[in-house]
Amino acid sequence: MLTYRLLFFTLLLAFFLPLQATHYRAGEITYQIVNGKTYQFTFVTYTDPRKPANDNTRVLRVNWGDGASEDIPRTKAVVINSTVQQNTYVYQHSYSTDGVYLVNFADPNRVENIRNINGGVSVEIPFYVEAVLRINNSIGSNESPIMYVPPIDEGCIGFTYVHNPGAYDADGDSIAYQLIPPFQAENTPVPNYVDPMFSDSFSLNPITGQVTWQKPQIPGIYNIAIRINEYRNNRLVGYIVRDMQIEIKNCPNAPPIIAPLPDFCVRAGETINFNTSASDPNAGQILTLRGYAGPFEQASSKATLTPDPAQATTFVNADFRWKTIANHVRYFSHQGIIKVNDNFIPELADIKPFRITVIGRPPNNLIATQEGNGLRVSWDKDSSGLANEYLLYRRIDSSKWNPGQCERGIPASTGFKLISKFNDINTTSYLDNNDGKGLSPMVSYCYRLVAVFPARDRFGTPIVSYKSESYASTEICEAIVRSKPVITQVSILETSISNGKVKVSWLRPDTLNQMQFPPPYRLILKRANTPEQNANPVAIFDYPTFDSIADTNYTDTLVNTKTLQAVYVIDFISTATGIEFIDASQPATALRASVLSTDQTNILSWKANVPWDNIGYVVYRKNLNNRFDSIAYTTSNIFSDVKLVNNTEYCYLIKSFGKYSLLPDSSENYSQEICGTPLDTVRPCPPSVRVITPCVDFSSFTNRLEWINNNFCADDVVSFNIYFKKYKNDSVYTKLKSVSNLTFAYDDSREELKKGIGGCYVVTGVDSFNNESNFLNEFCVDNCPEYKLPNVFSPNQDGVNDEFKPFPYRFIEGIEIKIFNRWGQQVFTTEDPEIRWNGKAQKTGSDCTDGIYFYTLKVYEQYLEGIKLRQESGSIQLIRN
């Protein structure tokens with residue numbers, strides 16, 4: 001009777017499972033914003049229409065991520081072939097607040113015999129796909145990428161298989177592709193997943209999304225999952241997951257091959273044209289060539305392939321054309337996909353991505369004209385109306401640079417520096433007058449302008465994302481006429497706190513309106529003792545009244561050149577009708593040096609605020625004969641004098657070489673004399689340490705430390721300090737010992753190690769100046785608890801093995817043991833680690849009979865991270881005779 005029941009149940013189960021089991025092959029989720037916090041989601045699944053349960057696909061159960069779940073009806077079903085049906089569900093959902101929402105759906109069953117999931121036993125492995133939507137006012141509206149190439153594919157053994165999702169993000173966000181295991185539930189990958197088996201390689205390009213499977217070897221069905229991460233300003237703002245299926249068959253068909261495709265950079269408004277072609281190594285097959293994603297999916301001025309699709313036998317080609325417009329400007333490239341299929345059964349394909357970067361047009365008609373002591377830079381307003389910023393750059397002298405085809409903005413290597421940023425697109429001019437201080441005559445000021453285009457969503461609204469800079473404008477250069485004195489030199493002749501000397505030289509004005517400012521004239525040289533006092537300089541030299549102006553110089557004396565940085569300015573005055581101020585020169589400071597002393601090194605630095613351009617510096621050091629020798633030339637304003645003797649004073653001068661771009665002669669200027677004494681303030685490198693515990697043979701409770709002196713920081717260690725802390729999370733170390741620099745090992749045999757050898761050690765190096773290395777290279781060791789029980793004892797009072805007790809144990813916090821007879825009755829229990837059971841029943845005190853007894857044991861073991869519980873059970877044989 002039992003046999004018949006079992007047979008009936010087996011037949012019932014065999015009938016019931018196929019009827020109920022669904023049959024998911026692939027699926028994905030995408031979303032687009034409708035308005036506010038309302039989004040339209042598209043769920044696409046691929047199922048096996050041959051299964052009776054295919055009717056279950058009429059409704060999809062969706063979790064919206066905000067606590068709500070909903071059964072949504074199928075929008076469309078398309079039978080692709082006899083084994084694949086595409087099911088599309090389009091539905092809107094509104095969220096009440098900002099947040100991060102995990103949207104997902106699941107089905108109890110995948111198709112059977114997926115080779116790389118659970119060893120091929122896959123029919124009862126659930127199918128699960130998710131997407132993350134982040135809603136936040138700070139990032140603006142956000143939509144997921146849309147994938148234009150279906151996730152069902154076929155390949156042949158021994159031939160390269162390729163796939164590309166054809167994802168395109170209308171918001172212009174950065175998308176990155178990642179291979180992940182397929183999932184069966186939230187946070188739960190499918191069991192026993194492996195990447196598809198290959199003979200050469202299986203890979204995913206994280207930038208283009210191209211999946212390449214070099215020469216699959218085993219036929220069957222395979223599933224992979226691709227997570228497409230979406231970044232905005234380096235912040236993850238969402239992701240979608242595609243769970244896709246690939247069927248590899250044993251078929252004698254080589255896939256078609258697309259000719260290599262170029263990448264392009266193009267100025268908005270220009271047209272990209274190229275011919276794309278594909279050929280098939282199998283003569284006679286019909287090829288179909290199509291374009292997907294990126295350029296083909298623009299809201300306006302879409303790219304085209306002609307013809308579309310293109311079809312031909314063995315060789316096919318088509319003309320790509322894209323008339324770009326300003327709306328296409330974005331930071332990241334527009335990635336398109338060219339795909340070609342043959343007409344073999346199964347169809348094989350080749351896919352190649354190509355990328356087109358559309359860059360904003362440069363601002364037009366940049367000009368500069370003198371206005372007072374400055375230059376008025378003006379330009380035409382961005383004609384597209386889509387830029388929302390301008391960036392104005394300046395440098396001295398022409399850069400001789402022109403942007404490359406893919407070069408946006410202005411790289412720092414050109415020498416241009418940003419001097420102003422304009423957030424009003426209607427701003428079309430800027431007065432560059434050095435923040436009211438005026439520009440220097442005899443200097444060629446060169447300008448370039450860049451327009452900035454914000455990222456925009458699908459509706460054209462700017463969003464907080466990666467901005468795109470335009471091509472740089474044409475360079476323009478202009479100079480201020482010399483209508484005022486020009487200081488050409490400020491050089492320290494003597495260094496003293498009260499008797500210093502400074503030589504100041506200048507050029508006369510060469511352009512002057514004598515009708516407006518008639519002669520005679522006066523020049524008044526003024527000095528402030530620090531740049532901060534430049535607003536109120538004091539007159540130190542009054543050049544007498546004269547009718548014509550000459551170039552001249554003046555030696556300023558009784559100056560504190562040791563601790564202060566003098567700044568000079570020259571007032572130009574007409575005295576024809578009194579004292580009428582005409583103009584003032586640009587201020588110029590003396591070259592000010594400073595020194596920072598450290599171990600065997602003096603670090604020199606210097607600065608000067610001058611109207612000319614300093615192009616190089618010579619560093620001088622005083623020798624034993626009290627003369628200065630040049631020791632270095634540099635274009636930097638910092639220099640390290642190394643390999644010096646500690647506690648010895650060294651003195652220096654700095655000489656600068658500068659020039660006005662429109663003057664042939666250079667200006668040489670000396671700093672004050674500066675001295676520094678190297679001192680050892682450098683910590684030694686932390687030694688590398690290892691600890692050998694006694695856990696292997698446990699002959700003693702000793703931890704042996706061995707270390708290496710890492711002397712690449714400073715080779716002057718005189719001793720080592722050894723530190724210890726009991727627990728990893730302790731913040732304070734205890735110093736165990738100091739040893740000489742000739743010692744590289746230490747045996748820690750403290751009495752307390754008998755209670756636990758676990759802990760963390762650090763060895764530091766100490767130099768002759770008592771600098772100690774940082775507490776790095778910590779080495780932690782754990783206890784090795786041991787607690788073992790014998791399996792026999794003989795309580796016969798002969799003094800040998802009369803008690804059941806453990807072998808020698810270590811690092812045990814406590815135990816709990818219960819001993820039972822063969823009928824399950826407890827005869828003994830204790831929490832004493834020594835146990836010491838004498839073979840008597842604990843309650844009655846009577847002898848237990850010979851035989852097998854069973855125990856359960858809880859052992860509380862000491863570890864570096866704390867007490868851990870270990871449980872075990874076993875048996876004991878009690879023998880009295």
# chains A, B, ... in the order shown; residues from 1 in each chain; ligands from 1
$ residues_around --residues "segment 387-392 of chain A" --least-positions-apart "4" --cutoff "10 Å" --atoms "only C-alpha atoms" --output "ChimeraX atom specification"
/A:326,329,360,363,377,381-383,409-410,416-430,447-455,462,467-470,472-473
$ residues_around --residues "Lys503 of chain A" --least-positions-apart "3" --cutoff "9 Å" --atoms "only C-alpha atoms" --output "ChimeraX atom specification"
/A:489-493,553-557,669
$ write_last_selection --atoms "all heavy atoms" --output "mmCIF file, in the first residue's frame"
data_model
loop_
_atom_site.group_PDB
_atom_site.id
_atom_site.type_symbol
_atom_site.label_atom_id
_atom_site.label_comp_id
_atom_site.auth_asym_id
_atom_site.auth_seq_id
_atom_site.Cartn_x
_atom_site.Cartn_y
_atom_site.Cartn_z
ATOM 1 N N GLN A 489 63.518 97.579 -10.294
ATOM 2 C CA GLN A 489 64.441 96.859 -9.420
ATOM 3 C C GLN A 489 64.190 97.242 -7.965
ATOM 4 O O GLN A 489 64.013 98.423 -7.645
ATOM 5 C CB GLN A 489 65.899 97.173 -9.795
ATOM 6 C CG GLN A 489 66.929 96.389 -8.984
ATOM 7 C CD GLN A 489 68.354 96.762 -9.338
ATOM 8 O OE1 GLN A 489 68.642 97.937 -9.581
ATOM 9 N NE2 GLN A 489 69.246 95.772 -9.380
ATOM 10 N N VAL A 490 64.181 96.234 -7.104
ATOM 11 C CA VAL A 490 64.210 96.433 -5.651
ATOM 12 C C VAL A 490 65.142 95.362 -5.121
ATOM 13 O O VAL A 490 64.757 94.195 -4.975
ATOM 14 C CB VAL A 490 62.813 96.312 -5.009
ATOM 15 C CG1 VAL A 490 62.912 96.484 -3.495
ATOM 16 C CG2 VAL A 490 61.848 97.333 -5.601
ATOM 17 N N SER A 491 66.390 95.731 -4.838
ATOM 18 C CA SER A 491 67.408 94.749 -4.481
ATOM 19 C C SER A 491 68.071 95.138 -3.161
ATOM 20 O O SER A 491 68.490 96.295 -2.984
ATOM 21 C CB SER A 491 68.467 94.660 -5.591
ATOM 22 O OG SER A 491 69.413 93.659 -5.300
ATOM 23 N N ILE A 492 68.141 94.191 -2.237
ATOM 24 C CA ILE A 492 68.751 94.447 -0.936
ATOM 25 C C ILE A 492 70.280 94.400 -1.088
ATOM 26 O O ILE A 492 70.839 93.400 -1.551
ATOM 27 C CB ILE A 492 68.259 93.425 0.107
ATOM 28 C CG1 ILE A 492 66.750 93.605 0.338
ATOM 29 C CG2 ILE A 492 69.017 93.577 1.424
ATOM 30 C CD1 ILE A 492 66.140 92.590 1.277
ATOM 31 N N LEU A 493 70.934 95.487 -0.657
ATOM 32 C CA LEU A 493 72.386 95.575 -0.741
ATOM 33 C C LEU A 493 73.055 95.151 0.562
ATOM 34 O O LEU A 493 74.151 94.590 0.546
ATOM 35 C CB LEU A 493 72.813 97.004 -1.100
ATOM 36 C CG LEU A 493 72.239 97.573 -2.402
ATOM 37 C CD1 LEU A 493 72.734 99.008 -2.628
ATOM 38 C CD2 LEU A 493 72.601 96.692 -3.588
ATOM 39 N N ASN A 553 67.733 105.879 -10.304
ATOM 40 C CA ASN A 553 67.625 104.929 -9.199
ATOM 41 C C ASN A 553 67.962 105.638 -7.904
ATOM 42 O O ASN A 553 68.467 106.775 -7.909
ATOM 43 C CB ASN A 553 68.529 103.724 -9.428
ATOM 44 C CG ASN A 553 69.982 104.110 -9.549
ATOM 45 O OD1 ASN A 553 70.626 104.505 -8.583
ATOM 46 N ND2 ASN A 553 70.496 104.004 -10.791
ATOM 47 N N TYR A 554 67.715 104.949 -6.808
ATOM 48 C CA TYR A 554 67.942 105.536 -5.494
ATOM 49 C C TYR A 554 68.313 104.417 -4.537
ATOM 50 O O TYR A 554 67.716 103.326 -4.580
ATOM 51 C CB TYR A 554 66.685 106.260 -5.010
ATOM 52 C CG TYR A 554 66.798 106.826 -3.610
ATOM 53 C CD1 TYR A 554 67.513 107.984 -3.371
ATOM 54 C CD2 TYR A 554 66.173 106.180 -2.545
ATOM 55 C CE1 TYR A 554 67.614 108.507 -2.085
ATOM 56 C CE2 TYR A 554 66.270 106.693 -1.262
ATOM 57 C CZ TYR A 554 66.993 107.859 -1.033
ATOM 58 O OH TYR A 554 67.088 108.362 0.243
ATOM 59 N N THR A 555 69.317 104.672 -3.670
ATOM 60 C CA THR A 555 69.685 103.709 -2.646
ATOM 61 C C THR A 555 69.057 104.143 -1.322
ATOM 62 O O THR A 555 69.392 105.214 -0.784
ATOM 63 C CB THR A 555 71.210 103.594 -2.507
ATOM 64 O OG1 THR A 555 71.759 103.140 -3.743
ATOM 65 C CG2 THR A 555 71.571 102.605 -1.407
ATOM 66 N N ASP A 556 68.154 103.325 -0.835
ATOM 67 C CA ASP A 556 67.445 103.601 0.415
ATOM 68 C C ASP A 556 68.282 103.050 1.578
ATOM 69 O O ASP A 556 68.658 101.870 1.573
ATOM 70 C CB ASP A 556 66.071 102.934 0.369
ATOM 71 C CG ASP A 556 65.187 103.332 1.539
ATOM 72 O OD1 ASP A 556 65.507 104.326 2.229
ATOM 73 O OD2 ASP A 556 64.173 102.625 1.762
ATOM 74 N N THR A 557 68.554 103.889 2.574
ATOM 75 C CA THR A 557 69.409 103.467 3.688
ATOM 76 C C THR A 557 68.628 103.474 4.992
ATOM 77 O O THR A 557 67.475 103.916 5.050
ATOM 78 C CB THR A 557 70.624 104.417 3.808
ATOM 79 O OG1 THR A 557 70.161 105.752 4.031
ATOM 80 C CG2 THR A 557 71.473 104.361 2.555
ATOM 81 N N ASN A 669 67.614 90.949 -8.528
ATOM 82 C CA ASN A 669 67.332 91.457 -7.187
ATOM 83 C C ASN A 669 67.742 90.427 -6.145
ATOM 84 O O ASN A 669 67.467 89.222 -6.305
ATOM 85 C CB ASN A 669 65.846 91.768 -7.034
ATOM 86 C CG ASN A 669 65.382 92.824 -8.020
ATOM 87 O OD1 ASN A 669 65.567 94.009 -7.804
ATOM 88 N ND2 ASN A 669 64.782 92.377 -9.134
#
$ residues_around --residues "Leu204 of chain A" --least-positions-apart "3" --cutoff "12 Å" --atoms "only C-alpha atoms" --output "list of chain:residue names"
A:Tyr161, A:Val162, A:His163, A:Asn164, A:Pro165, A:Ala176, A:Tyr177, A:Gln178, A:Leu179, A:Ile180, A:Asp195, A:Ser201, A:Ile207, A:Thr208, A:Gly209, A:Gln210, A:Val211, A:Thr212, A:Trp213, A:Gln214, A:Ile224, A:Ala225, A:Ile226, A:Arg227, A:Ile228
$ residues_around --residues "segment 652-668 of chain A" --least-positions-apart "6" --cutoff "10 Å" --atoms "only C-alpha atoms" --output "MDAnalysis selection string"
chainID A and resid 396:398 440:445 479 488:492 505 591:595 604:606 608 610:623 628:635 637 674:676
$ select_by_dssp --residues "segment 641-864 of chain A" --states "strand (DSSP E or B)" --output "JSON, numbers by chain"
{"A": [641, 650, 651, 652, 653, 654, 655, 656, 657, 658, 659, 666, 667, 668, 669, 670, 674, 675, 676, 688, 689, 690, 691, 692, 703, 704, 705, 706, 707, 708, 717, 718, 719, 720, 721, 722, 723, 724, 725, 734, 735, 736, 737, 738, 739, 740, 745, 746, 747, 748, 759, 760, 761, 762, 763, 764, 765, 766, 767, 772, 779, 780, 781, 786, 792, 793, 804, 810, 812, 813, 814, 815, 816, 817, 818, 819, 820, 826, 827, 828, 829, 830, 837, 840, 847, 851, 852, 853, 854, 855, 856, 857, 858, 859, 860, 861, 862, 863]}
$ atom_distance --atom1 "atom CA of Thr577 of chain A" --atom2 "atom CA of Pro520 of chain A"
9.4 Å
$ atom_distance --atom1 "atom CA of Pro151 of chain A" --atom2 "atom CA of Val34 of chain A"
25.9 Å
$ residues_around --residues "segment 566-574 of chain A" --least-positions-apart "3" --cutoff "8 Å" --atoms "only C-alpha atoms" --output "PyMOL selection string"
chain A and resi 484-485+487+517-531+534+537+561+577-590
$ write_last_selection --atoms "N, CA, C and O atoms" --output "tab-separated table (two decimals), in the first residue's frame"
chain	number	residue	atom	x	y	z
A	484	LYS	N	53.12	106.26	-16.56
A	484	LYS	CA	53.50	106.48	-15.17
A	484	LYS	C	54.86	105.82	-14.95
A	484	LYS	O	55.32	105.02	-15.78
A	485	PRO	N	55.54	106.13	-13.86
A	485	PRO	CA	56.83	105.48	-13.61
A	485	PRO	C	56.66	103.96	-13.46
A	485	PRO	O	55.61	103.48	-13.02
A	487	ILE	N	58.69	100.78	-11.76
A	487	ILE	CA	59.80	100.29	-10.93
A	487	ILE	C	60.35	99.02	-11.58
A	487	ILE	O	59.61	98.12	-11.96
A	517	PHE	N	48.47	117.41	-18.38
A	517	PHE	CA	49.36	117.49	-17.23
A	517	PHE	C	50.67	118.18	-17.67
A	517	PHE	O	51.65	117.52	-18.04
A	518	PRO	N	50.70	119.52	-17.68
A	518	PRO	CA	51.90	120.23	-18.15
A	518	PRO	C	53.03	120.16	-17.13
A	518	PRO	O	52.81	119.94	-15.95
A	519	PRO	N	54.30	120.32	-17.62
A	519	PRO	CA	55.44	120.33	-16.70
A	519	PRO	C	55.43	121.63	-15.88
A	519	PRO	O	54.69	122.57	-16.21
A	520	PRO	N	56.27	121.70	-14.85
A	520	PRO	CA	57.27	120.71	-14.40
A	520	PRO	C	56.63	119.57	-13.59
A	520	PRO	O	55.47	119.63	-13.21
A	521	TYR	N	57.48	118.55	-13.34
A	521	TYR	CA	57.01	117.33	-12.67
A	521	TYR	C	57.86	117.00	-11.44
A	521	TYR	O	59.01	117.46	-11.32
A	522	ARG	N	57.32	116.18	-10.58
A	522	ARG	CA	58.03	115.65	-9.42
A	522	ARG	C	57.76	114.15	-9.32
A	522	ARG	O	56.66	113.69	-9.66
A	523	LEU	N	58.78	113.43	-8.85
A	523	LEU	CA	58.62	112.02	-8.50
A	523	LEU	C	58.89	111.87	-7.01
A	523	LEU	O	59.92	112.36	-6.51
A	524	ILE	N	57.98	111.22	-6.30
A	524	ILE	CA	58.16	110.99	-4.86
A	524	ILE	C	58.22	109.48	-4.62
A	524	ILE	O	57.25	108.76	-4.87
A	525	LEU	N	59.37	109.03	-4.17
A	525	LEU	CA	59.56	107.61	-3.85
A	525	LEU	C	59.11	107.38	-2.42
A	525	LEU	O	59.55	108.06	-1.49
A	526	LYS	N	58.24	106.39	-2.25
A	526	LYS	CA	57.68	106.11	-0.93
A	526	LYS	C	57.98	104.65	-0.55
A	526	LYS	O	58.11	103.78	-1.41
A	527	ARG	N	58.07	104.44	0.77
A	527	ARG	CA	58.33	103.09	1.28
A	527	ARG	C	57.38	102.79	2.43
A	527	ARG	O	57.13	103.64	3.30
A	528	ALA	N	56.88	101.55	2.42
A	528	ALA	CA	56.19	100.98	3.59
A	528	ALA	C	57.04	99.82	4.08
A	528	ALA	O	57.74	99.17	3.30
A	529	ASN	N	57.01	99.61	5.39
A	529	ASN	CA	57.91	98.61	5.96
A	529	ASN	C	57.42	97.17	5.80
A	529	ASN	O	58.20	96.23	5.96
A	530	THR	N	56.16	96.99	5.49
A	530	THR	CA	55.63	95.65	5.19
A	530	THR	C	54.60	95.82	4.09
A	530	THR	O	54.01	96.90	3.94
A	531	PRO	N	54.33	94.77	3.31
A	531	PRO	CA	53.28	94.87	2.28
A	531	PRO	C	51.94	95.26	2.86
A	531	PRO	O	51.14	95.92	2.18
A	534	ASN	N	51.18	99.00	2.84
A	534	ASN	CA	51.32	99.67	1.55
A	534	ASN	C	50.25	100.74	1.34
A	534	ASN	O	50.41	101.63	0.52
A	537	PRO	N	52.20	104.41	2.59
A	537	PRO	CA	53.66	104.49	2.53
A	537	PRO	C	54.16	105.88	2.92
A	537	PRO	O	53.44	106.88	2.83
A	561	THR	N	66.14	95.61	6.93
A	561	THR	CA	66.02	94.56	5.91
A	561	THR	C	66.09	93.16	6.51
A	561	THR	O	65.91	92.18	5.80
A	577	THR	N	50.48	123.96	-11.78
A	577	THR	CA	49.46	124.80	-11.15
A	577	THR	C	49.26	124.39	-9.70
A	577	THR	O	48.15	124.37	-9.19
A	578	GLY	N	50.30	124.02	-9.06
A	578	GLY	CA	50.20	123.50	-7.70
A	578	GLY	C	50.74	122.07	-7.67
A	578	GLY	O	51.64	121.73	-8.45
A	579	ILE	N	50.15	121.25	-6.82
A	579	ILE	CA	50.54	119.84	-6.76
A	579	ILE	C	49.35	119.01	-7.25
A	579	ILE	O	48.32	118.92	-6.57
A	580	GLU	N	49.49	118.47	-8.46
A	580	GLU	CA	48.41	117.69	-9.06
A	580	GLU	C	48.90	116.25	-9.28
A	580	GLU	O	49.85	116.02	-10.03
A	581	PHE	N	48.26	115.34	-8.59
A	581	PHE	CA	48.65	113.93	-8.69
A	581	PHE	C	48.25	113.38	-10.06
A	581	PHE	O	47.09	113.52	-10.48
A	582	ILE	N	49.24	112.81	-10.77
A	582	ILE	CA	48.96	112.24	-12.09
A	582	ILE	C	48.67	110.74	-11.97
A	582	ILE	O	47.64	110.26	-12.40
A	583	ASP	N	49.62	110.03	-11.38
A	583	ASP	CA	49.46	108.57	-11.27
A	583	ASP	C	50.54	108.04	-10.34
A	583	ASP	O	51.44	108.79	-9.91
A	584	ALA	N	50.47	106.77	-10.03
A	584	ALA	CA	51.49	106.13	-9.19
A	584	ALA	C	51.93	104.84	-9.85
A	584	ALA	O	51.16	104.17	-10.56
A	585	SER	N	53.18	104.51	-9.62
A	585	SER	CA	53.69	103.24	-10.15
A	585	SER	C	53.01	102.07	-9.46
A	585	SER	O	52.35	102.21	-8.41
A	586	GLN	N	53.17	100.87	-10.06
A	586	GLN	CA	52.79	99.66	-9.36
A	586	GLN	C	53.74	99.43	-8.19
A	586	GLN	O	54.96	99.65	-8.32
A	587	PRO	N	53.25	99.01	-7.03
A	587	PRO	CA	54.15	98.76	-5.90
A	587	PRO	C	55.05	97.56	-6.19
A	587	PRO	O	54.70	96.66	-6.96
A	588	ALA	N	56.22	97.57	-5.55
A	588	ALA	CA	57.17	96.47	-5.71
A	588	ALA	C	57.84	96.22	-4.36
A	588	ALA	O	58.27	97.17	-3.70
A	589	THR	N	57.93	94.97	-3.96
A	589	THR	CA	58.54	94.63	-2.67
A	589	THR	C	59.95	94.08	-2.90
A	589	THR	O	60.31	93.64	-3.99
A	590	ALA	N	60.72	94.11	-1.81
A	590	ALA	CA	62.00	93.42	-1.81
A	590	ALA	C	61.75	91.91	-1.75
A	590	ALA	O	60.69	91.46	-1.31
$ closest_residue --among "A:Pro694, A:Gly374, A:Pro281, A:Pro182" --to "Val129 of chain A" --atoms "only C-alpha atoms"
A:Pro182
$ decode --residues "segment 668-679 of chain A" --atoms "N, CA, C and O atoms" --output "PDB file, in the first residue's frame"
ATOM      1  N   GLU A 668      67.633  92.024 -11.829  1.00  0.00           N
ATOM      2  CA  GLU A 668      68.243  91.132 -10.854  1.00  0.00           C
ATOM      3  C   GLU A 668      68.102  91.744  -9.463  1.00  0.00           C
ATOM      4  O   GLU A 668      68.451  92.914  -9.250  1.00  0.00           O
ATOM      5  N   ASN A 669      67.614  90.949  -8.528  1.00  0.00           N
ATOM      6  CA  ASN A 669      67.332  91.457  -7.187  1.00  0.00           C
ATOM      7  C   ASN A 669      67.742  90.427  -6.145  1.00  0.00           C
ATOM      8  O   ASN A 669      67.467  89.222  -6.305  1.00  0.00           O
ATOM      9  N   TYR A 670      68.400  90.941  -5.074  1.00  0.00           N
ATOM     10  CA  TYR A 670      68.843  90.071  -3.999  1.00  0.00           C
ATOM     11  C   TYR A 670      67.887  90.165  -2.806  1.00  0.00           C
ATOM     12  O   TYR A 670      67.309  91.219  -2.524  1.00  0.00           O
ATOM     13  N   SER A 671      67.779  89.041  -2.135  1.00  0.00           N
ATOM     14  CA  SER A 671      67.035  89.012  -0.877  1.00  0.00           C
ATOM     15  C   SER A 671      67.945  89.444   0.266  1.00  0.00           C
ATOM     16  O   SER A 671      69.136  89.709   0.074  1.00  0.00           O
ATOM     17  N   GLN A 672      67.405  89.506   1.474  1.00  0.00           N
ATOM     18  CA  GLN A 672      68.233  89.689   2.662  1.00  0.00           C
ATOM     19  C   GLN A 672      69.003  88.404   2.946  1.00  0.00           C
ATOM     20  O   GLN A 672      68.668  87.333   2.425  1.00  0.00           O
ATOM     21  N   GLU A 673      70.056  88.523   3.760  1.00  0.00           N
ATOM     22  CA  GLU A 673      70.787  87.338   4.190  1.00  0.00           C
ATOM     23  C   GLU A 673      69.959  86.625   5.263  1.00  0.00           C
ATOM     24  O   GLU A 673      69.426  87.254   6.182  1.00  0.00           O
ATOM     25  N   ILE A 674      69.839  85.306   5.103  1.00  0.00           N
ATOM     26  CA  ILE A 674      69.036  84.507   6.029  1.00  0.00           C
ATOM     27  C   ILE A 674      69.853  83.309   6.482  1.00  0.00           C
ATOM     28  O   ILE A 674      70.584  82.714   5.676  1.00  0.00           O
ATOM     29  N   CYS A 675      69.770  82.971   7.769  1.00  0.00           N
ATOM     30  CA  CYS A 675      70.565  81.878   8.316  1.00  0.00           C
ATOM     31  C   CYS A 675      69.672  80.847   8.993  1.00  0.00           C
ATOM     32  O   CYS A 675      68.615  81.190   9.546  1.00  0.00           O
ATOM     33  N   GLY A 676      70.107  79.610   8.948  1.00  0.00           N
ATOM     34  CA  GLY A 676      69.374  78.525   9.587  1.00  0.00           C
ATOM     35  C   GLY A 676      70.320  77.474  10.123  1.00  0.00           C
ATOM     36  O   GLY A 676      71.402  77.255   9.565  1.00  0.00           O
ATOM     37  N   THR A 677      69.902  76.815  11.197  1.00  0.00           N
ATOM     38  CA  THR A 677      70.707  75.778  11.836  1.00  0.00           C
ATOM     39  C   THR A 677      69.940  74.470  11.806  1.00  0.00           C
ATOM     40  O   THR A 677      68.889  74.349  12.453  1.00  0.00           O
ATOM     41  N   PRO A 678      70.414  73.477  11.037  1.00  0.00           N
ATOM     42  CA  PRO A 678      69.691  72.196  10.968  1.00  0.00           C
ATOM     43  C   PRO A 678      69.613  71.528  12.345  1.00  0.00           C
ATOM     44  O   PRO A 678      70.577  71.529  13.117  1.00  0.00           O
ATOM     45  N   LEU A 679      68.456  70.997  12.625  1.00  0.00           N
ATOM     46  CA  LEU A 679      68.216  70.249  13.852  1.00  0.00           C
ATOM     47  C   LEU A 679      67.483  68.972  13.499  1.00  0.00           C
ATOM     48  O   LEU A 679      66.661  68.944  12.571  1.00  0.00           O
TER      49      LEU A 679
END
